[in-house]
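A short write-up of the structure that comes next.
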Amino acid sequence: MKSFRTIGTVGMLVLLFVWSYRSVDFRFGDLWKGLGETRSFIWHDLLPPDVSALPSFIEPALQTIYMSFIAMVLASVCAFFFSFFAAYTTSPHPLFRYVVRGAASFFQAIPALVWVLILVAAYGLGPLVGTIALFLSGTGLLTRSFAEVIEEIDEGPVEAVRATGANWCQVMARAVVPQALPGIVGWAFYKFDLNIREAAVIGMVGGGGIGFSMQKSLQLFQYREASMAIVLIFVLVLLIEYVTRRVREALL
Amino acid sequence: MKRETTFLRGLAIGSIVLFIVGWQSLGFQWNVIRDGTKKLGTFLTHMWPFDVSNADVILRAGVESFQIAFLGTTFGVALSFVLAFFAASNTSPHWLIARFVKALAGVVRAIPALIWVLLFIVAVGMGAFPGILALAFNSTGMLVKMFAQSIEEVDEGVIESARSTGANRLQVIGRAVVPTVFTSLVAWSLFRFEINFRYATILGMVGAGGIGWELTSAMRMYRLDEAAFIIVVIFVMVYTVELIGNRLKRSYMTY
C-alpha cells in the first residue's frame, strides 16, 4: 500500500515536471548559459558596490523601516479588534466568524504587491501606497493568527471571570487579553520582519523606500549603485530579523 | 511576571516613539489620503462586472505561474538536497565547508526573491526563465538551512550503527540519514512550494512571466474590470494551493 502510494506520487511529480518543462520552453542548455551570464553580470557589472552612493540610500532605507512598522502597528490594531470575532471561543455569533475569516483569508492570500499596483493608480507613487498595501495584507494575516492565539488560551480563567457575572467585554478584557497578549505581540513583530522583506520589493512597483531607489539605479544602468542598495537591503533584513527574534524570545 | 510587564511597557513606549517619528518623516498628507480614497472608491465601482473577454489568455498565464513555481521549487529542492549534506555539521566532510555553505545560503536567503528576479532579468532577459532561476535560487537559500537542521537532528546512534557495519560516508547517508529525515524534507519542500507559488503570481509585474504581467498590463490600460477578474483568479489559485498543502501535510503526518 505504502509503496503503491509512493510510486503514484513520484510518477505524478515526474509528469508535472515534464509538462511544465516543455510548456515553458525551458532548456538545460539555457540553464548553464544563463548561469554563466548571471555570474559574469554579478562579477563584472554589479561588484564592487558603489560605497559613495550609500548616503543617498539612507533616507529611503529609513522610509522602508517606517513603512513596515507603521503598517504593522495599524494592522495589529485592526486585527486585534477583528480577531475576537474570528476566534471560535470568543465570537459572539458564528456569522461574524465566517465573514471576518473569509475577508481575512482574502486579504492574506493576495500578495501585497497586487494591492500596490491598484493603489498606485489611486494615490500616486510613494510610501503611502506601500504602507496601505502592507496594512491590508497584514490585517488579513494577523486577524487569523491572533484568532489562533486566542483560541489556544487556557479556558479556566475565562470561566472564572464569567462566573462572576461579567459581560462579554469584561470577560475579554479581564481574562482573554492578558493571556493572549504575549502571543499577539509576538505575531505582530513577526509580521514586522516579513514587512521589511516585502517593503524592500514593494518599492520596485512604485511603493517608495529602498526598493524604489534600487529600481531607479537599475533602470539607469547604475549597477554598482544598485548593488549598494542590495547590500543595504541585506543588512536591513538581517538587522530587523535579529531585533524581532530578540523581542519574540523575550516574550515567550 | 514583573519583568515581563516592564519589558512590555518598554516595548510599547519604543513602538509609540518609532510610530510617531515614522509618521512624521513619511509626511502623509490628509488631503492626499482623502482624494486617493475617493478615487479608489470610483475604481471599485468600475471593477464590477468582471471583464472575462481575455479569460483564456489570463488563465494560461495562471498555468504558467504554476509551472514556474513547480520548476523553481524542483530545482531548488534538488540543489538543496545535495548542499544540505555539506552544510549539516554531522555529515559535512569538514566543518569549514559546513560553515561556508551555511553562510552562503544565509546571504542568498536574506536577499528577497524579487531582487533576484531583477538581477536574472538583466542577465538573461525577460520571460519565464529568469523567474524559474530566481525561485530556484531563493528556495535553495532557505531549504539548505532547513534541510541541514533536519539532518543535524538525526540521532547520533543511527549514524554510528550504520558506520559500525563498515559503511562509507555515502552509504551512511543513503541508508541511515536519508530515510530518517525524508518526511521532514518533503514537508519543507511542500511549504516552500506554497511560498514560491505566491511569488510566481507576482513575478510577472517586474517582467518574469506568469499572471502578474497580465495584471500590470490591465492596470496600465485602466481596464479595472479585467484587473478585478485577475485578482480573483490569483486569490483562487493561492487559496487552493494553501488548502491542498494543508490537506497533504495532515495526511502525510498521519500515515
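Just so we're on the same page: first chain in the C-alpha cells is A, next is B, and so on; residues restart at 1 for each chain, and ligands are numbered from 1 in the order they show up.
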**OP:** Can you pull out every residue within 9 Å of Val178 in chain B, counting only C-alpha atoms, but drop anything in the same chain fewer than 5 positions away, and send it as a list in words?
**Re:**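 Those residues are Ile151, Val172 and Ile173 of chain B.
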Export of prior selection with N, CA, C and O atoms as a compact mmCIF listing (two decimals), in the first residue's frame:
```txt
# COMPACT_ATOMS: atom_id res chain seq x y z
N ILE B 151 18.81 17.31 9.22
CA ILE B 151 19.87 16.30 9.21
C ILE B 151 20.63 16.32 10.53
O ILE B 151 20.97 15.29 11.09
N VAL B 172 26.34 5.59 4.55
CA VAL B 172 25.73 6.03 5.82
C VAL B 172 24.60 7.01 5.53
O VAL B 172 23.50 6.90 6.08
N ILE B 173 24.89 7.97 4.63
CA ILE B 173 23.88 8.96 4.30
C ILE B 173 22.67 8.30 3.65
O ILE B 173 21.52 8.53 4.03
```
Subject >> Spatial neighbours of Leu54 in chain A, max dist 12 Å, only C-alpha atoms, sep filter under 6 positions, as JSON, numbers by chain >> reply: {"A": [60, 61, 210, 213, 214, 224, 225, 226, 227, 228, 229, 230, 231, 232, 233]}
Those same residues - N, CA, C and O atoms - I'd like them written as a CSV table (one decimal), in the first residue's frame.
```csv
chain,number,residue,atom,x,y,z
A,60,PRO,N,15.9,56.6,2.0
A,60,PRO,CA,14.9,55.5,1.6
A,60,PRO,C,14.9,54.3,2.5
A,60,PRO,O,13.9,53.7,2.7
A,61,ALA,N,16.1,53.9,3.0
A,61,ALA,CA,16.1,52.7,3.9
A,61,ALA,C,15.3,53.0,5.1
A,61,ALA,O,14.5,52.1,5.6
A,210,ILE,N,13.5,51.9,-0.2
A,210,ILE,CA,14.8,51.5,-0.7
A,210,ILE,C,14.6,50.7,-2.1
A,210,ILE,O,15.5,50.8,-3.0
A,213,SER,N,14.5,53.2,-4.9
A,213,SER,CA,15.8,53.7,-5.3
A,213,SER,C,16.6,52.7,-6.1
A,213,SER,O,17.3,53.0,-7.0
A,214,MET,N,16.5,51.4,-5.6
A,214,MET,CA,17.3,50.3,-6.3
A,214,MET,C,16.8,50.2,-7.8
A,214,MET,O,17.6,50.1,-8.7
A,224,ARG,N,26.4,49.4,-10.0
A,224,ARG,CA,27.1,49.4,-8.8
A,224,ARG,C,26.4,50.1,-7.7
A,224,ARG,O,26.5,49.8,-6.5
A,225,GLU,N,25.6,51.2,-8.1
A,225,GLU,CA,24.7,51.8,-7.1
A,225,GLU,C,23.7,50.8,-6.7
A,225,GLU,O,23.4,50.7,-5.5
A,226,ALA,N,23.1,50.1,-7.6
A,226,ALA,CA,22.0,49.2,-7.3
A,226,ALA,C,22.5,48.1,-6.4
A,226,ALA,O,21.8,47.7,-5.4
A,227,SER,N,23.8,47.7,-6.6
A,227,SER,CA,24.3,46.6,-5.7
A,227,SER,C,24.5,47.2,-4.3
A,227,SER,O,24.4,46.5,-3.3
A,228,MET,N,24.8,48.5,-4.2
A,228,MET,CA,24.9,49.1,-2.9
A,228,MET,C,23.6,49.1,-2.2
A,228,MET,O,23.5,48.7,-1.0
A,229,ALA,N,22.5,49.3,-2.9
A,229,ALA,CA,21.2,49.3,-2.4
A,229,ALA,C,20.9,47.9,-1.9
A,229,ALA,O,20.2,47.7,-0.8
A,230,ILE,N,21.3,46.9,-2.7
A,230,ILE,CA,21.0,45.5,-2.3
A,230,ILE,C,21.7,45.1,-1.0
A,230,ILE,O,21.2,44.5,-0.2
A,231,VAL,N,23.0,45.6,-0.9
A,231,VAL,CA,23.7,45.3,0.3
A,231,VAL,C,23.0,45.9,1.5
A,231,VAL,O,22.8,45.3,2.6
A,232,LEU,N,22.5,47.1,1.3
A,232,LEU,CA,21.7,47.8,2.4
A,232,LEU,C,20.4,47.0,2.7
A,232,LEU,O,20.1,46.9,3.9
A,233,ILE,N,19.7,46.5,1.7
A,233,ILE,CA,18.5,45.7,2.0
A,233,ILE,C,18.9,44.5,2.8
A,233,ILE,O,18.2,44.1,3.7
```
Subject >> Between CA of Ser91 in chain A and CA of Val158 in chain A, distance in Å (one decimal) >> reply: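 Atom-to-atom, CA of Ser91 in chain A and CA of Val158 in chain A are spaced 13.7 Å apart.
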**OP:** With a distance threshold of 6 Å and counting only C-alpha atoms, extract the residues of chain A near chain B and express them as a list in words.
**Re:** Ser20, Gly34, Glu37, Thr38, Tyr66, Ile70, Ala109, Ile110, Ala122, Tyr123 and Phe234 of chain A
**OP:** Tell me which protein, DNA and RNA residues are within 9 Å of Lys145 in chain B, counting only C-alpha atoms, leaving out same-chain ones fewer than 3 positions away, and put them as a VMD selection string.
**Re:** chain B and resid 80 84 87 to 88 102 105 to 106 140 to 142 148 to 150
Subject >> Shell around Glu214 in chain B at 8 Å using only C-alpha atoms, local window under 4 positions removed, as a ChimeraX atom specification >> reply: /B:58,61,204,210,218,230
Would you output that residue set with N, CA, C and O atoms, as a CSV table (one decimal), in the first residue's frame?
```csv
chain,number,residue,atom,x,y,z
B,58,ILE,N,-5.6,34.9,-19.7
B,58,ILE,CA,-5.3,35.1,-18.3
B,58,ILE,C,-5.1,33.8,-17.6
B,58,ILE,O,-4.1,33.6,-16.8
B,61,ALA,N,-1.8,32.3,-18.5
B,61,ALA,CA,-0.8,32.9,-17.7
B,61,ALA,C,-0.7,32.4,-16.3
B,61,ALA,O,0.3,32.2,-15.7
B,204,GLY,N,5.6,38.3,-12.6
B,204,GLY,CA,5.3,39.0,-13.9
B,204,GLY,C,5.3,40.5,-13.8
B,204,GLY,O,5.6,41.2,-14.8
B,210,GLY,N,4.1,34.8,-16.3
B,210,GLY,CA,3.1,34.4,-15.4
B,210,GLY,C,2.0,35.5,-15.4
B,210,GLY,O,2.0,36.4,-16.1
B,218,ALA,N,-3.2,45.1,-17.6
B,218,ALA,CA,-4.6,45.6,-17.4
B,218,ALA,C,-4.7,46.9,-16.6
B,218,ALA,O,-5.4,47.8,-17.0
B,230,ILE,N,-8.6,39.3,-12.7
B,230,ILE,CA,-7.3,38.7,-12.5
B,230,ILE,C,-7.0,38.5,-11.0
B,230,ILE,O,-6.5,37.5,-10.5
```
**OP:** May I ask for the distance between CA of Leu136 in chain A and CA of Ile58 in chain A, given in Å to one decimal place?
**Re:**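 So the two atoms, CA of Leu136 in chain A and CA of Ile58 in chain A, lie 26.4 Å apart.
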**OP:** Could you find all residues in range 89-180 of chain A that DSSP calls helix (DSSP H, G or I) from the backbone, and write them as a ChimeraX atom specification?
**Re:** /A:94-109,112-123,127-151,155-163,168-180
